[in-house]
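Novice: I'm passing along work-v8.tsv; it holds TSV, C-alpha atoms.
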chain	number	residue	atom	x	y	z
A	1	MET	CA	-14.91	-6.48	10.01
A	2	THR	CA	-12.15	-4.95	12.14
A	3	SER	CA	-9.71	-2.59	10.46
A	4	SER	CA	-7.12	-5.40	10.64
A	5	ASP	CA	-9.51	-7.79	8.83
A	6	ARG	CA	-10.10	-5.11	6.22
A	7	LEU	CA	-6.36	-4.70	5.64
A	8	ASP	CA	-6.03	-8.51	5.33
A	9	ALA	CA	-8.75	-8.54	2.66
A	10	THR	CA	-7.37	-5.49	0.85
A	11	PHE	CA	-3.79	-6.76	0.65
A	12	ALA	CA	-4.89	-10.29	-0.31
A	13	ALA	CA	-7.08	-8.88	-3.10
A	14	LEU	CA	-4.17	-6.77	-4.38
A	15	ALA	CA	-1.79	-9.77	-4.53
A	16	ASP	CA	-2.83	-10.73	-8.06
A	17	PRO	CA	-1.84	-9.12	-11.39
A	18	THR	CA	-5.28	-9.57	-13.03
A	19	ARG	CA	-7.04	-7.97	-10.07
A	20	ARG	CA	-4.58	-5.07	-10.08
A	21	ALA	CA	-5.16	-4.63	-13.84
A	22	ILE	CA	-8.94	-4.59	-13.25
A	23	LEU	CA	-8.49	-1.92	-10.57
A	24	ALA	CA	-6.18	0.08	-12.84
A	25	ARG	CA	-8.91	0.01	-15.51
A	26	LEU	CA	-11.66	1.01	-13.03
A	27	ALA	CA	-9.55	3.89	-11.68
A	28	SER	CA	-10.31	5.77	-14.89
A	29	GLY	CA	-14.04	5.06	-14.86
A	30	GLU	CA	-16.68	2.41	-14.22
A	31	ALA	CA	-17.00	-0.55	-16.60
A	32	SER	CA	-19.30	-3.53	-17.15
A	33	VAL	CA	-18.13	-7.12	-16.62
A	34	ASN	CA	-17.96	-7.59	-20.41
A	35	GLU	CA	-15.84	-4.49	-20.83
A	36	LEU	CA	-13.56	-5.69	-18.06
A	37	ALA	CA	-13.25	-9.22	-19.50
A	38	GLU	CA	-12.25	-7.99	-22.98
A	39	PRO	CA	-8.59	-6.96	-22.55
A	40	PHE	CA	-7.75	-10.08	-20.53
A	41	SER	CA	-8.97	-12.73	-23.00
A	42	MET	CA	-10.47	-14.44	-19.97
A	43	THR	CA	-13.88	-16.07	-19.69
A	44	GLN	CA	-16.63	-14.12	-17.94
A	45	PRO	CA	-16.77	-16.61	-15.01
A	46	ALA	CA	-13.01	-16.22	-14.46
A	47	ILE	CA	-13.34	-12.44	-14.37
A	48	SER	CA	-16.43	-12.69	-12.13
A	49	LYS	CA	-14.40	-14.68	-9.60
A	50	HIS	CA	-11.79	-11.92	-9.43
A	51	LEU	CA	-14.53	-9.28	-9.17
A	52	LYS	CA	-16.04	-11.13	-6.20
A	53	VAL	CA	-12.69	-11.02	-4.37
A	54	LEU	CA	-12.38	-7.29	-5.08
A	55	GLU	CA	-15.98	-6.69	-4.02
A	56	ARG	CA	-15.62	-8.59	-0.76
A	57	ALA	CA	-12.52	-6.52	0.02
A	58	GLY	CA	-14.54	-3.33	-0.61
A	59	LEU	CA	-12.18	-2.26	-3.40
A	60	ILE	CA	-15.02	-2.13	-5.94
A	61	SER	CA	-18.79	-1.70	-5.84
A	62	ARG	CA	-21.67	-1.85	-8.31
A	63	GLY	CA	-22.92	1.22	-10.11
A	64	GLN	CA	-26.58	2.17	-10.38
A	65	ASP	CA	-27.37	1.05	-13.92
A	66	ALA	CA	-29.34	-2.16	-13.26
A	67	GLN	CA	-28.78	-3.59	-16.72
A	68	ARG	CA	-25.07	-2.97	-17.30
A	69	ARG	CA	-24.30	-3.44	-13.59
A	70	PRO	CA	-21.04	-1.52	-14.00
A	71	ARG	CA	-18.29	-1.98	-11.43
A	72	ARG	CA	-16.53	1.03	-9.99
A	73	MET	CA	-13.48	1.51	-7.82
A	74	GLU	CA	-13.79	2.50	-4.15
A	75	ALA	CA	-10.92	4.72	-3.04
A	76	LYS	CA	-11.10	4.29	0.76
A	77	PRO	CA	-9.33	0.88	1.05
A	78	PHE	CA	-6.59	2.21	-1.28
A	79	ALA	CA	-6.05	5.13	1.09
A	80	ASP	CA	-6.11	2.90	4.20
A	81	ALA	CA	-3.58	0.42	2.80
A	82	ALA	CA	-1.28	3.20	1.57
A	83	GLU	CA	-1.54	4.87	4.98
A	84	TRP	CA	-0.46	1.67	6.78
A	85	LEU	CA	2.56	1.34	4.47
A	86	GLU	CA	3.55	5.00	4.70
A	87	LYS	CA	3.22	5.09	8.49
A	88	HIS	CA	5.66	2.24	8.97
A	89	ARG	CA	8.01	3.46	6.27
A	90	ARG	CA	8.18	6.81	8.10
A	91	ILE	CA	8.89	5.13	11.47
A	92	TRP	CA	11.64	3.09	9.77
A	93	GLU	CA	13.10	6.21	8.15
A	94	ALA	CA	13.14	8.19	11.39
A	95	ASN	CA	14.87	5.29	13.13
A	96	PHE	CA	17.34	4.93	10.26
A	97	GLN	CA	18.24	8.63	10.39
A	98	ARG	CA	18.72	8.44	14.17
A	99	LEU	CA	21.13	5.50	13.75
A	100	ASP	CA	22.95	7.31	10.96
A	101	ALA	CA	23.44	10.40	13.11
A	102	LEU	CA	24.68	8.18	15.96
A	103	LEU	CA	27.24	6.52	13.67
A	104	ASP	CA	28.46	9.92	12.45
A	105	GLN	CA	28.86	11.04	16.06
A	106	LEU	CA	30.84	7.88	16.92
A	107	LYS	CA	33.14	8.40	13.91
A	108	PHE	CA	33.63	12.05	14.85
A	109	ASN	CA	34.54	11.13	18.45
A	110	GLU	CA	37.04	8.52	17.25
A	111	SER	CA	38.75	10.90	14.84
A	112	LYS	CA	39.28	13.58	17.54
A	113	PRO	CA	42.76	13.47	19.15
A	114	LYS	CA	42.32	12.14	22.68
A	115	ALA	CA	42.46	14.86	25.33
A	116	LYS	CA	45.29	14.25	27.79
A	117	LYS	CA	44.29	14.00	31.40
A	118	LYS	CA	45.42	16.92	33.45
A	119	ALA	CA	48.15	15.83	35.77
A	120	GLY	CA	46.63	16.43	39.17
A	121	PRO	CA	48.35	16.26	42.52
A	122	LYS	CA	48.98	12.73	43.64
A	123	HIS	CA	47.49	11.67	46.94
B	1	MET	CA	11.27	-11.40	-10.43
B	2	THR	CA	9.35	-8.85	-12.49
B	3	SER	CA	7.99	-5.79	-10.70
B	4	SER	CA	4.52	-7.35	-10.97
B	5	ASP	CA	5.77	-10.55	-9.27
B	6	ARG	CA	7.34	-8.41	-6.57
B	7	LEU	CA	4.05	-6.59	-5.96
B	8	ASP	CA	2.26	-9.98	-5.78
B	9	ALA	CA	4.73	-11.17	-3.14
B	10	THR	CA	4.63	-7.89	-1.19
B	11	PHE	CA	0.83	-7.65	-1.03
B	12	ALA	CA	0.46	-11.39	-0.20
B	13	ALA	CA	3.01	-11.04	2.62
B	14	LEU	CA	1.14	-8.00	4.00
B	15	ALA	CA	-2.22	-9.83	4.07
B	16	ASP	CA	-1.66	-11.27	7.55
B	17	PRO	CA	-1.97	-9.53	10.94
B	18	THR	CA	1.01	-11.33	12.54
B	19	ARG	CA	3.28	-10.45	9.63
B	20	ARG	CA	2.12	-6.81	9.76
B	21	ALA	CA	2.81	-6.76	13.52
B	22	ILE	CA	6.31	-8.18	12.92
B	23	LEU	CA	6.96	-5.45	10.34
B	24	ALA	CA	5.59	-2.79	12.71
B	25	ARG	CA	8.07	-4.04	15.35
B	26	LEU	CA	10.98	-4.08	12.87
B	27	ALA	CA	10.18	-0.56	11.65
B	28	SER	CA	11.59	0.76	14.94
B	29	GLY	CA	14.76	-1.35	14.85
B	30	GLU	CA	16.15	-4.79	14.11
B	31	ALA	CA	15.28	-7.74	16.36
B	32	SER	CA	16.24	-11.39	16.78
B	33	VAL	CA	13.77	-14.21	16.14
B	34	ASN	CA	13.40	-14.73	19.90
B	35	GLU	CA	12.65	-11.06	20.46
B	36	LEU	CA	10.09	-11.17	17.65
B	37	ALA	CA	8.43	-14.36	18.97
B	38	GLU	CA	7.96	-12.97	22.51
B	39	PRO	CA	4.98	-10.58	22.13
B	40	PHE	CA	3.00	-13.06	20.01
B	41	SER	CA	3.13	-16.06	22.36
B	42	MET	CA	3.86	-18.10	19.25
B	43	THR	CA	6.37	-20.89	18.88
B	44	GLN	CA	9.66	-20.10	17.19
B	45	PRO	CA	8.85	-22.34	14.17
B	46	ALA	CA	5.53	-20.54	13.66
B	47	ILE	CA	7.31	-17.17	13.70
B	48	SER	CA	10.07	-18.52	11.44
B	49	LYS	CA	7.47	-19.48	8.86
B	50	HIS	CA	6.11	-15.90	8.80
B	51	LEU	CA	9.67	-14.53	8.63
B	52	LYS	CA	10.38	-16.71	5.59
B	53	VAL	CA	7.34	-15.25	3.77
B	54	LEU	CA	8.50	-11.72	4.62
B	55	GLU	CA	12.07	-12.51	3.57
B	56	ARG	CA	11.02	-14.01	0.23
B	57	ALA	CA	8.97	-10.87	-0.44
B	58	GLY	CA	12.07	-8.76	0.30
B	59	LEU	CA	10.28	-6.95	3.15
B	60	ILE	CA	12.94	-8.03	5.67
B	61	SER	CA	16.58	-9.09	5.56
B	62	ARG	CA	19.17	-10.45	8.02
B	63	GLY	CA	21.49	-8.16	9.91
B	64	GLN	CA	25.23	-8.72	10.19
B	65	ASP	CA	25.49	-10.18	13.70
B	66	ALA	CA	26.09	-13.88	12.91
B	67	GLN	CA	24.97	-15.14	16.32
B	68	ARG	CA	21.77	-13.13	16.90
B	69	ARG	CA	20.93	-13.11	13.18
B	70	PRO	CA	18.66	-10.11	13.70
B	71	ARG	CA	15.97	-9.36	11.13
B	72	ARG	CA	15.52	-5.85	9.81
B	73	MET	CA	12.91	-4.15	7.69
B	74	GLU	CA	13.63	-3.22	4.05
B	75	ALA	CA	11.85	-0.01	3.02
B	76	LYS	CA	11.89	-0.37	-0.79
B	77	PRO	CA	8.91	-2.79	-1.18
B	78	PHE	CA	6.89	-0.58	1.21
B	79	ALA	CA	7.56	2.41	-1.04
B	80	ASP	CA	6.77	0.44	-4.24
B	81	ALA	CA	3.46	-0.90	-2.91
B	82	ALA	CA	2.41	2.52	-1.56
B	83	GLU	CA	3.33	4.06	-4.91
B	84	TRP	CA	1.10	1.63	-6.82
B	85	LEU	CA	-1.82	2.41	-4.50
B	86	GLU	CA	-1.31	6.16	-4.59
B	87	LYS	CA	-0.92	6.25	-8.38
B	88	HIS	CA	-4.30	4.60	-8.95
B	89	ARG	CA	-5.99	6.54	-6.17
B	90	ARG	CA	-4.84	9.75	-7.89
B	91	ILE	CA	-6.12	8.60	-11.30
B	92	TRP	CA	-9.46	7.75	-9.66
B	93	GLU	CA	-9.60	11.13	-7.91
B	94	ALA	CA	-8.83	13.09	-11.09
B	95	ASN	CA	-11.56	11.15	-12.89
B	96	PHE	CA	-13.98	11.70	-10.01
B	97	GLN	CA	-13.36	15.45	-9.99
B	98	ARG	CA	-13.85	15.61	-13.76
B	99	LEU	CA	-17.21	13.84	-13.41
B	100	ASP	CA	-18.17	16.10	-10.53
B	101	ALA	CA	-17.40	19.23	-12.56
B	102	LEU	CA	-19.42	17.80	-15.45
B	103	LEU	CA	-22.43	17.20	-13.18
B	104	ASP	CA	-22.18	20.73	-11.80
B	105	GLN	CA	-22.13	22.07	-15.34
B	106	LEU	CA	-25.20	20.01	-16.29
B	107	LYS	CA	-27.08	21.24	-13.19
B	108	PHE	CA	-26.08	24.84	-13.96
B	109	ASN	CA	-27.31	24.53	-17.55
B	110	GLU	CA	-30.62	23.06	-16.38
B	111	SER	CA	-31.23	25.81	-13.82
B	112	LYS	CA	-30.60	28.60	-16.36
B	113	PRO	CA	-33.81	30.02	-17.83
B	114	LYS	CA	-33.95	28.85	-21.41
B	115	ALA	CA	-32.94	31.56	-23.85
B	116	LYS	CA	-35.69	32.33	-26.28
B	117	LYS	CA	-34.79	31.90	-29.91
B	118	LYS	CA	-34.63	35.12	-31.80
B	119	ALA	CA	-37.56	35.32	-34.09
B	120	GLY	CA	-35.91	35.35	-37.49
B	121	PRO	CA	-37.58	35.90	-40.80
B	122	LYS	CA	-39.52	32.90	-41.91
B	123	HIS	CA	-38.57	31.34	-45.22
When written as structure tokens, how does the structure in this file appear?
Specialist:
Amino acid sequence: MTSSDRLDATFAALADPTRRAILARLASGEASVNELAEPFSMTQPAISKHLKVLERAGLISRGQDAQRRPRRMEAKPFADAAEWLEKHRRIWEANFQRLDALLDQLKFNESKPKAKKKAGPKH
Amino acid sequence: MTSSDRLDATFAALADPTRRAILARLASGEASVNELAEPFSMTQPAISKHLKVLERAGLISRGQDAQRRPRRMEAKPFADAAEWLEKHRRIWEANFQRLDALLDQLKFNESKPKAKKKAGPKH
């Protein structure tokens, strides 16, 4: 997967309220599929489908306990997605501030009384 | 739209490389549809479709020039999405560090020579 493919998968996986709630739960510690299904009053297969999407996107992985097969959150894709957003927000902000300063300068120039041209010798 | 609906729309809109490239372009200043279509060698209708998705998600808006109808980036959904990601990454990190400290403590306890029980009077 290229880093662009990974961002596609990460953002697509995040575009669902149940999947975000699952991630919010896993942020504070690993949990089994049953534990994850409980608060959502969803069937296990429905939850498993969401978990597959999250797993394919690399946002979660499986813990070591072979019987409980707990899911846990992986922080790297969170950091990568946040970095993409922050980078472009910063570029936008820098550009915005430049425009703002330019507008202030234009206003300042307009408000100044116009300097009269020195009357030079006519040729 | 609830804030959860807005996050759905934002993340879904971001899950596409062309739309991310359009946003990256708009981060450094507004641009007309023609200007946006150029680097992608895409037809105008194809670009317009992507722009509609971005517009519905509130990630872009239309500038004031009625003829060029330039599109410009809106920073708020970027900030909201990044905030969601960062919040849960921080919760995860705090939890991770707590676990790490716990493991260290367990290792430390194991490596300590076991204190012998004081021989008390037998009853």
Novice: Using all C-alpha atoms paired in order, least-squares fit chain A onto chain B and give me the moved copy as a PDB file with C-alpha atoms, keeping the file's coordinate frame.
Specialist:
ATOM      1  CA  MET A   1      11.215 -11.334 -10.449  1.00  0.00           C
ATOM      2  CA  THR A   2       9.290  -8.752 -12.480  1.00  0.00           C
ATOM      3  CA  SER A   3       7.968  -5.696 -10.674  1.00  0.00           C
ATOM      4  CA  SER A   4       4.482  -7.250 -10.937  1.00  0.00           C
ATOM      5  CA  ASP A   5       5.730 -10.463  -9.256  1.00  0.00           C
ATOM      6  CA  ARG A   6       7.315  -8.345  -6.546  1.00  0.00           C
ATOM      7  CA  LEU A   7       4.036  -6.522  -5.903  1.00  0.00           C
ATOM      8  CA  ASP A   8       2.231  -9.904  -5.746  1.00  0.00           C
ATOM      9  CA  ALA A   9       4.707 -11.116  -3.113  1.00  0.00           C
ATOM     10  CA  THR A  10       4.631  -7.849  -1.162  1.00  0.00           C
ATOM     11  CA  PHE A  11       0.839  -7.615  -0.970  1.00  0.00           C
ATOM     12  CA  ALA A  12       0.456 -11.330  -0.170  1.00  0.00           C
ATOM     13  CA  ALA A  13       3.011 -11.016   2.648  1.00  0.00           C
ATOM     14  CA  LEU A  14       1.161  -7.988   4.050  1.00  0.00           C
ATOM     15  CA  ALA A  15      -2.209  -9.813   4.106  1.00  0.00           C
ATOM     16  CA  ASP A  16      -1.647 -11.255   7.581  1.00  0.00           C
ATOM     17  CA  PRO A  17      -1.939  -9.528  10.986  1.00  0.00           C
ATOM     18  CA  THR A  18       1.038 -11.365  12.563  1.00  0.00           C
ATOM     19  CA  ARG A  19       3.300 -10.462   9.650  1.00  0.00           C
ATOM     20  CA  ARG A  20       2.180  -6.831   9.809  1.00  0.00           C
ATOM     21  CA  ALA A  21       2.869  -6.816  13.577  1.00  0.00           C
ATOM     22  CA  ILE A  22       6.362  -8.241  12.942  1.00  0.00           C
ATOM     23  CA  LEU A  23       7.012  -5.498  10.380  1.00  0.00           C
ATOM     24  CA  ALA A  24       5.665  -2.849  12.758  1.00  0.00           C
ATOM     25  CA  ARG A  25       8.134  -4.101  15.389  1.00  0.00           C
ATOM     26  CA  LEU A  26      11.068  -4.159  12.918  1.00  0.00           C
ATOM     27  CA  ALA A  27      10.268  -0.627  11.714  1.00  0.00           C
ATOM     28  CA  SER A  28      11.692   0.664  14.989  1.00  0.00           C
ATOM     29  CA  GLY A  29      14.841  -1.455  14.883  1.00  0.00           C
ATOM     30  CA  GLU A  30      16.228  -4.900  14.102  1.00  0.00           C
ATOM     31  CA  ALA A  31      15.346  -7.845  16.354  1.00  0.00           C
ATOM     32  CA  SER A  32      16.284 -11.511  16.753  1.00  0.00           C
ATOM     33  CA  VAL A  33      13.798 -14.324  16.090  1.00  0.00           C
ATOM     34  CA  ASN A  34      13.439 -14.851  19.860  1.00  0.00           C
ATOM     35  CA  GLU A  35      12.709 -11.188  20.433  1.00  0.00           C
ATOM     36  CA  LEU A  36      10.153 -11.274  17.645  1.00  0.00           C
ATOM     37  CA  ALA A  37       8.472 -14.456  18.942  1.00  0.00           C
ATOM     38  CA  GLU A  38       8.021 -13.081  22.482  1.00  0.00           C
ATOM     39  CA  PRO A  39       5.064 -10.677  22.140  1.00  0.00           C
ATOM     40  CA  PHE A  40       3.073 -13.125  20.005  1.00  0.00           C
ATOM     41  CA  SER A  41       3.140 -16.144  22.348  1.00  0.00           C
ATOM     42  CA  MET A  42       3.860 -18.176  19.232  1.00  0.00           C
ATOM     43  CA  THR A  43       6.354 -21.002  18.843  1.00  0.00           C
ATOM     44  CA  GLN A  44       9.658 -20.219  17.140  1.00  0.00           C
ATOM     45  CA  PRO A  45       8.820 -22.436  14.109  1.00  0.00           C
ATOM     46  CA  ALA A  46       5.520 -20.575  13.623  1.00  0.00           C
ATOM     47  CA  ILE A  47       7.311 -17.229  13.684  1.00  0.00           C
ATOM     48  CA  SER A  48      10.064 -18.579  11.397  1.00  0.00           C
ATOM     49  CA  LYS A  49       7.426 -19.500   8.813  1.00  0.00           C
ATOM     50  CA  HIS A  50       6.114 -15.931   8.789  1.00  0.00           C
ATOM     51  CA  LEU A  51       9.674 -14.574   8.603  1.00  0.00           C
ATOM     52  CA  LYS A  52      10.347 -16.740   5.541  1.00  0.00           C
ATOM     53  CA  VAL A  53       7.320 -15.243   3.759  1.00  0.00           C
ATOM     54  CA  LEU A  54       8.500 -11.726   4.626  1.00  0.00           C
ATOM     55  CA  GLU A  55      12.050 -12.546   3.546  1.00  0.00           C
ATOM     56  CA  ARG A  56      10.987 -14.010   0.216  1.00  0.00           C
ATOM     57  CA  ALA A  57       8.956 -10.856  -0.440  1.00  0.00           C
ATOM     58  CA  GLY A  58      12.065  -8.749   0.295  1.00  0.00           C
ATOM     59  CA  LEU A  59      10.304  -6.956   3.156  1.00  0.00           C
ATOM     60  CA  ILE A  60      12.954  -8.063   5.664  1.00  0.00           C
ATOM     61  CA  SER A  61      16.589  -9.147   5.534  1.00  0.00           C
ATOM     62  CA  ARG A  62      19.166 -10.523   7.960  1.00  0.00           C
ATOM     63  CA  GLY A  63      21.515  -8.272   9.869  1.00  0.00           C
ATOM     64  CA  GLN A  64      25.252  -8.852  10.132  1.00  0.00           C
ATOM     65  CA  ASP A  65      25.521 -10.342  13.613  1.00  0.00           C
ATOM     66  CA  ALA A  66      26.071 -14.037  12.797  1.00  0.00           C
ATOM     67  CA  GLN A  67      24.977 -15.277  16.202  1.00  0.00           C
ATOM     68  CA  ARG A  68      21.808 -13.273  16.853  1.00  0.00           C
ATOM     69  CA  ARG A  69      20.933 -13.243  13.137  1.00  0.00           C
ATOM     70  CA  PRO A  70      18.690 -10.215  13.666  1.00  0.00           C
ATOM     71  CA  ARG A  71      15.993  -9.446  11.114  1.00  0.00           C
ATOM     72  CA  ARG A  72      15.567  -5.928   9.821  1.00  0.00           C
ATOM     73  CA  MET A  73      12.962  -4.194   7.711  1.00  0.00           C
ATOM     74  CA  GLU A  74      13.654  -3.250   4.081  1.00  0.00           C
ATOM     75  CA  ALA A  75      11.895  -0.035   3.099  1.00  0.00           C
ATOM     76  CA  LYS A  76      11.909  -0.339  -0.718  1.00  0.00           C
ATOM     77  CA  PRO A  77       8.941  -2.762  -1.125  1.00  0.00           C
ATOM     78  CA  PHE A  78       6.935  -0.561   1.291  1.00  0.00           C
ATOM     79  CA  ALA A  79       7.599   2.434  -0.950  1.00  0.00           C
ATOM     80  CA  ASP A  80       6.791   0.495  -4.149  1.00  0.00           C
ATOM     81  CA  ALA A  81       3.482  -0.847  -2.821  1.00  0.00           C
ATOM     82  CA  ALA A  82       2.457   2.559  -1.449  1.00  0.00           C
ATOM     83  CA  GLU A  83       3.369   4.135  -4.791  1.00  0.00           C
ATOM     84  CA  TRP A  84       1.125   1.698  -6.707  1.00  0.00           C
ATOM     85  CA  LEU A  85      -1.792   2.485  -4.375  1.00  0.00           C
ATOM     86  CA  GLU A  86      -1.260   6.246  -4.442  1.00  0.00           C
ATOM     87  CA  LYS A  87      -0.904   6.360  -8.229  1.00  0.00           C
ATOM     88  CA  HIS A  88      -4.266   4.723  -8.795  1.00  0.00           C
ATOM     89  CA  ARG A  89      -5.959   6.653  -6.018  1.00  0.00           C
ATOM     90  CA  ARG A  90      -4.788   9.875  -7.707  1.00  0.00           C
ATOM     91  CA  ILE A  91      -6.086   8.755 -11.134  1.00  0.00           C
ATOM     92  CA  TRP A  92      -9.425   7.891  -9.485  1.00  0.00           C
ATOM     93  CA  GLU A  93      -9.547  11.262  -7.720  1.00  0.00           C
ATOM     94  CA  ALA A  94      -8.789  13.234 -10.875  1.00  0.00           C
ATOM     95  CA  ASN A  95     -11.512  11.325 -12.711  1.00  0.00           C
ATOM     96  CA  PHE A  96     -13.938  11.844  -9.828  1.00  0.00           C
ATOM     97  CA  GLN A  97     -13.308  15.602  -9.795  1.00  0.00           C
ATOM     98  CA  ARG A  98     -13.807  15.777 -13.573  1.00  0.00           C
ATOM     99  CA  LEU A  99     -17.181  14.008 -13.244  1.00  0.00           C
ATOM    100  CA  ASP A 100     -18.155  16.267 -10.360  1.00  0.00           C
ATOM    101  CA  ALA A 101     -17.379  19.389 -12.375  1.00  0.00           C
ATOM    102  CA  LEU A 102     -19.379  17.960 -15.298  1.00  0.00           C
ATOM    103  CA  LEU A 103     -22.397  17.345 -13.046  1.00  0.00           C
ATOM    104  CA  ASP A 104     -22.186  20.896 -11.672  1.00  0.00           C
ATOM    105  CA  GLN A 105     -22.096  22.236 -15.228  1.00  0.00           C
ATOM    106  CA  LEU A 106     -25.156  20.149 -16.192  1.00  0.00           C
ATOM    107  CA  LYS A 107     -27.079  21.403 -13.135  1.00  0.00           C
ATOM    108  CA  PHE A 108     -26.089  24.988 -13.918  1.00  0.00           C
ATOM    109  CA  ASN A 109     -27.270  24.655 -17.541  1.00  0.00           C
ATOM    110  CA  GLU A 110     -30.601  23.191 -16.418  1.00  0.00           C
ATOM    111  CA  SER A 111     -31.248  25.946 -13.891  1.00  0.00           C
ATOM    112  CA  LYS A 112     -30.667  28.731 -16.472  1.00  0.00           C
ATOM    113  CA  PRO A 113     -33.902  30.068 -18.042  1.00  0.00           C
ATOM    114  CA  LYS A 114     -34.005  28.824 -21.629  1.00  0.00           C
ATOM    115  CA  ALA A 115     -33.050  31.490 -24.163  1.00  0.00           C
ATOM    116  CA  LYS A 116     -35.880  32.148 -26.610  1.00  0.00           C
ATOM    117  CA  LYS A 117     -35.042  31.679 -30.240  1.00  0.00           C
ATOM    118  CA  LYS A 118     -34.922  34.893 -32.154  1.00  0.00           C
ATOM    119  CA  ALA A 119     -37.850  35.065 -34.483  1.00  0.00           C
ATOM    120  CA  GLY A 120     -36.200  35.163 -37.874  1.00  0.00           C
ATOM    121  CA  PRO A 121     -37.833  35.827 -41.206  1.00  0.00           C
ATOM    122  CA  LYS A 122     -39.796  32.880 -42.462  1.00  0.00           C
ATOM    123  CA  HIS A 123     -38.828  31.461 -45.821  1.00  0.00           C
TER     124      HIS A 123
END
Novice: For Asp8 in chain A, work out the shell of residues within 8 Å, counting all atoms listed in the file and skipping chain neighbours fewer than 6 positions away, then give it as a list in words.
Specialist: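 My reading of the contact set: Leu14, Ala15, Asp16 and Pro17 of chain B.
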Novice: Please produce a file of those selected residues containing C-alpha atoms, as a compact mmCIF listing (two decimals), in the frame of the given file.
Specialist:
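The result, stored in again-v6.txt:
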# COMPACT_ATOMS: atom_id res chain seq x y z
CA LEU B 14 1.14 -8.00 4.00
CA ALA B 15 -2.22 -9.83 4.07
CA ASP B 16 -1.66 -11.27 7.55
CA PRO B 17 -1.97 -9.53 10.94
Novice: Suppose you want the space between CA of Glu83 in chain A and CA of Thr18 in chain A; what is it in Å?
Specialist: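 Pair CA of Glu83 in chain A / CA of Thr18 in chain A returns 23.4 Å.
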Novice: Compute the chain B side of the contact with chain A at 9 Å, counting only C-alpha atoms, and hand it back as a PDB file with C-alpha atoms, in the coordinates of the input.
Specialist:
ATOM      1  CA  SER B   4       4.520  -7.350 -10.970  1.00  0.00           C
ATOM      2  CA  ASP B   5       5.770 -10.550  -9.270  1.00  0.00           C
ATOM      3  CA  LEU B   7       4.050  -6.590  -5.960  1.00  0.00           C
ATOM      4  CA  ASP B   8       2.260  -9.980  -5.780  1.00  0.00           C
ATOM      5  CA  ALA B   9       4.730 -11.170  -3.140  1.00  0.00           C
ATOM      6  CA  THR B  10       4.630  -7.890  -1.190  1.00  0.00           C
ATOM      7  CA  PHE B  11       0.830  -7.650  -1.030  1.00  0.00           C
ATOM      8  CA  ALA B  12       0.460 -11.390  -0.200  1.00  0.00           C
ATOM      9  CA  ALA B  13       3.010 -11.040   2.620  1.00  0.00           C
ATOM     10  CA  LEU B  14       1.140  -8.000   4.000  1.00  0.00           C
ATOM     11  CA  ALA B  15      -2.220  -9.830   4.070  1.00  0.00           C
ATOM     12  CA  ASP B  16      -1.660 -11.270   7.550  1.00  0.00           C
ATOM     13  CA  PRO B  17      -1.970  -9.530  10.940  1.00  0.00           C
ATOM     14  CA  LEU B  23       6.960  -5.450  10.340  1.00  0.00           C
ATOM     15  CA  ALA B  24       5.590  -2.790  12.710  1.00  0.00           C
ATOM     16  CA  LEU B  26      10.980  -4.080  12.870  1.00  0.00           C
ATOM     17  CA  ALA B  27      10.180  -0.560  11.650  1.00  0.00           C
ATOM     18  CA  SER B  28      11.590   0.760  14.940  1.00  0.00           C
ATOM     19  CA  GLY B  29      14.760  -1.350  14.850  1.00  0.00           C
ATOM     20  CA  MET B  73      12.910  -4.150   7.690  1.00  0.00           C
ATOM     21  CA  GLU B  74      13.630  -3.220   4.050  1.00  0.00           C
ATOM     22  CA  ALA B  75      11.850  -0.010   3.020  1.00  0.00           C
ATOM     23  CA  LYS B  76      11.890  -0.370  -0.790  1.00  0.00           C
ATOM     24  CA  PHE B  78       6.890  -0.580   1.210  1.00  0.00           C
ATOM     25  CA  ALA B  79       7.560   2.410  -1.040  1.00  0.00           C
ATOM     26  CA  ALA B  81       3.460  -0.900  -2.910  1.00  0.00           C
ATOM     27  CA  ALA B  82       2.410   2.520  -1.560  1.00  0.00           C
ATOM     28  CA  GLU B  83       3.330   4.060  -4.910  1.00  0.00           C
ATOM     29  CA  TRP B  84       1.100   1.630  -6.820  1.00  0.00           C
ATOM     30  CA  LEU B  85      -1.820   2.410  -4.500  1.00  0.00           C
ATOM     31  CA  GLU B  86      -1.310   6.160  -4.590  1.00  0.00           C
ATOM     32  CA  HIS B  88      -4.300   4.600  -8.950  1.00  0.00           C
ATOM     33  CA  ARG B  89      -5.990   6.540  -6.170  1.00  0.00           C
ATOM     34  CA  ARG B  90      -4.840   9.750  -7.890  1.00  0.00           C
ATOM     35  CA  ILE B  91      -6.120   8.600 -11.300  1.00  0.00           C
ATOM     36  CA  TRP B  92      -9.460   7.750  -9.660  1.00  0.00           C
ATOM     37  CA  GLU B  93      -9.600  11.130  -7.910  1.00  0.00           C
ATOM     38  CA  ALA B  94      -8.830  13.090 -11.090  1.00  0.00           C
ATOM     39  CA  ASN B  95     -11.560  11.150 -12.890  1.00  0.00           C
ATOM     40  CA  PHE B  96     -13.980  11.700 -10.010  1.00  0.00           C
TER      41      PHE B  96
END
Novice: What does the distance from CA of Asp65 in chain B to CA of Leu106 in chain A come to in Å, to one decimal?
Specialist: 19.1 Å
Novice: Figure out the distance between CA of Ser3 in chain A and CA of Ser3 in chain B, please, to one decimal in Å.
Specialist: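 Interatomic distance, CA of Ser3 in chain B to CA of Ser3 in chain A: 27.8 Å.
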Novice: Please, what is the axis-aligned box for every listed atom of range 21-27 of chain B with 3 Å on each side, as centre and edge lengths in Å to one decimal, as AutoDock Vina command-line options?
Specialist:
--center_x 6.9 --center_y -4.4 --center_z 12.8 --size_x 14.2 --size_y 13.6 --size_z 11.0
Novice: When you look at range 43-50 of chain A with a cut-off of 9 Å (counting all atoms listed in the file), what residues show up, excluding the ones that are within fewer than 5 positions of it in the same chain? I need them as a list in words.
Specialist: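 Everything that qualifies: Ala13, Thr18, Arg19, Ile22, Val33, Asn34, Leu36, Ala37, Glu38 and Glu55 of chain A.
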